[in-house]
Amino acid sequence: MRLKTGTLKTGSGRFSLALPKGHAVGEIPIWYHLPGDLPPDSRIVIVLHGTSRAAEASRDNWRHPAEDNRFAVVVPHFEKQHFSDAAYAYGNFWAPAPPFTPVAWERSHGAILDLLFDAVNAALGWNKTAFTLYGHSAGAAFAHRYLALAPQDRVEQAVVANAGWYSLLEPGKPIPLGFQGCDQPVARVRHLLEKDITVLIGERDISGPYPDWWPESYLEQGPHRFARSLSFFRSAEDLARRFSVPFNWRWESVPGVGHENAKMIAPAARLLARRGAVTL
C-alpha cells in the first residue's frame with residue numbers, strides 16, 4: 001500500500017514511500033510494526049539495515065522489542081539495485097568514489113529519512129518533532145553520518161551498532177574519513193556531542209573480509225571493527241573536552257557477539273528503554 005495521511009494499520013506491514021525527483025528511484029519499500037493503542041508520545045524508531053538489505057527480517061527481529069517497549073518501528077529498504085553499498089553507507093552525502101564530491105541534502109539518503117519520519121508521523125496523526133535511530137553495519141555507517149550532517153536536529157536518541165569504520169568529527173579530516181568540505185557548522189558538532197548516542201559493538205567483531213571500496217586509510221582507526229569503534233568514541237570524547245561541552249555518548253560492547261545484527265537488537269532495545277547516557 002501507499003502511505004496516506006492519517007492511516008497506518010496496527011501490526012506488521014509494508015508500504016511504499018514516494019521519493020521526489022533526484023533520487024535513484026521513485027519510491028522505496030518500508031517495513032513496519034505498530035503495536036496497538038500507542039499513545040501519541042510513543043517513539044518512532046527508524047532502523048537501518050546493513051548491506052544484507054534484510055529490511056523485512058530486521059522488522060521481524062524488532063517486533064518483540066517494539067511490543068515490549070511500546071514504540072513504532074519502521075525499516076526503509078534501500079534495495080541494492082538502486083543503492084550501491086558505498087552510496088548507502090555514505091548516505092549519498094557525497095559521491096561514493098574519489099574525489100568524494102558532496103551531494104546536495106535534498107538528494108541525499110538523509111533527506112529520505114526526514115521524509116519517512118514526516119510521513120509516519122502524519123499517518124499516525126502524531127505531532128512528534130524527533131525520532132529514534134538504530135543502524136547496524138552499513139546502516140550504522142549511514143546513521144552516524146546522518147547525525148553529523150542533518151541540517152535539522154530530528155533525532156532524540158541513536159544507537160550505532162557494528163559500523164565498519166567512521167567519519168570522524170575532528171575538524172580538518174577530509175571526506176570520507178571526516179567531513180571537511182561538507183556543510184557542517186561547529187555549533188552542529190558541539191550539539192551532537194551532547195546528544196544521547198551509543199556506539200555499540202560486538203565483542204567478537206574482530207574479523208573481515210572487508211569491502212574493496214573501503215579506502216586503505218580506514219585502518220588508521222584500528223585493525224578491526226571493535227578497535228575502530230573505540231577510536232571513534234574516544235575521538236568524539238576528546239573533541240568534547242576541547243570544546244568544553246557535556247559529552248553524553250556511551251560506548252558498550254556485547255559479550256560473545258560478532259558481526260551479527262540479530263544478536264545486537266536486544267542490547268540496543270535495552271539502551272532505548274532506559275535512555276540517559278553515560279560516558280565510557
# chains A, B, ... in the order shown; residues from 1 in each chain; ligands from 1
call {"tool": "residues_around", "arguments": {"residues": "A:Trp31", "least_positions_apart": "4", "cutoff": "9 Å", "atoms": "only C-alpha atoms", "output": "list of chain:residue names"}}
result
A:Ser12, A:Gly13, A:Arg14, A:Phe15, A:Ser16, A:Ala55, A:Glu56, A:Ser58, A:Arg59, A:Asp60, A:Val73, A:Val74, A:Val75, A:Pro76, A:His77
call {"tool": "closest_atom_pairs", "arguments": {"of": "stretch 35-123 of chain A", "to": "stretch 184-198 of chain A", "cutoff": "12 Å", "atoms": "only C-alpha atoms", "output": "CSV"}}
result
residue,atom,partner,partner_atom,distance
A:Phe93,CA,A:Gln184,CA,11.8
A:Pro102,CA,A:Gln184,CA,11.6
A:Trp105,CA,A:Gln184,CA,11.8
call {"tool": "write_last_selection", "arguments": {"atoms": "N, CA and C atoms", "output": "CSV table (one decimal), in the first residue's frame"}}
result
chain,number,residue,atom,x,y,z
A,93,PHE,N,25.7,11.3,0.9
A,93,PHE,CA,26.1,12.7,1.3
A,93,PHE,C,27.2,13.2,0.5
A,102,PRO,N,30.7,16.4,-2.4
A,102,PRO,CA,29.5,16.5,-1.6
A,102,PRO,C,28.2,16.6,-2.5
A,105,TRP,N,21.8,18.2,0.0
A,105,TRP,CA,21.0,17.5,1.0
A,105,TRP,C,19.7,16.9,0.4
call {"tool": "closest_residue", "arguments": {"among": "A:Leu200, A:Ala18, A:Val103, A:Ala158", "to": "A:Val47", "atoms": "only C-alpha atoms"}}
result
A:Ala158
call {"tool": "residues_around", "arguments": {"residues": "A:Ala161", "least_positions_apart": "3", "cutoff": "7 Å", "atoms": "only C-alpha atoms", "output": "NGL selection string"}}
result
:A and (135-137 or 140 or 199-201)
call {"tool": "residues_around", "arguments": {"residues": "A:Leu115", "least_positions_apart": "4", "cutoff": "10 Å", "atoms": "only C-alpha atoms", "output": "list in words"}}
result
Leu17, Ala18, Leu19, Pro20, His109, Gly110, Ala111, Ala119, Val120 and Asn121 of chain A
call {"tool": "write_last_selection", "arguments": {"atoms": "C-alpha atoms", "output": "compact mmCIF listing (two decimals), in the first residue's frame"}}
result
# COMPACT_ATOMS: atom_id res chain seq x y z
CA LEU A 17 7.35 5.79 0.36
CA ALA A 18 7.31 8.05 -2.69
CA LEU A 19 10.54 9.99 -3.27
CA PRO A 20 10.95 13.28 -5.11
CA HIS A 109 19.60 9.49 1.74
CA GLY A 110 19.37 11.61 4.87
CA ALA A 111 16.58 13.55 3.17
CA ALA A 119 5.17 10.54 6.58
CA VAL A 120 4.87 8.13 9.53
CA ASN A 121 4.26 10.99 11.96
call {"tool": "closest_residue", "arguments": {"among": "A:Leu34, A:Leu113, A:Leu272, A:Leu230", "to": "A:Leu168", "atoms": "only C-alpha atoms"}}
result
A:Leu230
call {"tool": "residues_around", "arguments": {"residues": "stretch 262-269 of chain A", "least_positions_apart": "5", "cutoff": "7 Å", "atoms": "only C-alpha atoms", "output": "NGL selection string"}}
result
:A and (61 or 65 or 159 or 257)
call {"tool": "residues_around", "arguments": {"residues": "stretch 202-206 of chain A", "least_positions_apart": "5", "cutoff": "10 Å", "atoms": "only C-alpha atoms", "output": "short mmCIF file (atom, residue, chain, number, x, y, z; two decimals) with C-alpha atoms, in the first residue's frame"}}
result
data_model
loop_
_atom_site.label_atom_id
_atom_site.label_comp_id
_atom_site.auth_asym_id
_atom_site.auth_seq_id
_atom_site.Cartn_x
_atom_site.Cartn_y
_atom_site.Cartn_z
CA ALA A 161 25.99 -0.77 16.04
CA ASN A 162 28.95 -2.58 14.45
CA ALA A 163 29.89 0.07 11.91
CA GLY A 164 32.81 -0.87 9.69
CA PRO A 223 42.67 -3.25 12.76
CA HIS A 224 39.04 -4.34 13.18
CA ARG A 225 35.53 -3.04 13.91
CA PHE A 226 35.89 -3.40 17.68
CA ALA A 227 39.04 -1.27 17.77
CA ARG A 228 37.64 1.26 15.33
CA SER A 229 34.51 1.76 17.44
CA GLU A 252 29.19 -0.51 25.04
CA SER A 253 30.31 -3.93 23.88
CA VAL A 254 28.11 -7.01 23.63
CA PRO A 255 29.85 -10.12 25.06
CA GLY A 256 30.21 -13.16 22.82
CA VAL A 257 28.73 -11.47 19.75
CA GLY A 258 30.42 -10.84 16.41
CA HIS A 259 29.07 -9.09 13.34
CA GLU A 260 25.54 -10.34 13.97
CA ASN A 261 22.65 -7.90 13.72
CA LYS A 263 22.13 -10.52 18.46
CA MET A 264 22.64 -6.75 18.75
#
call {"tool": "closest_residue", "arguments": {"among": "A:Ala138, A:Gln180, A:Phe247, A:Asp114", "to": "A:Gln152", "atoms": "only C-alpha atoms"}}
result
A:Asp114
call {"tool": "closest_residue", "arguments": {"among": "A:Gly50, A:Gly181, A:Pro246, A:Gly222", "to": "A:Ala141", "atoms": "only C-alpha atoms"}}
result
A:Gly50
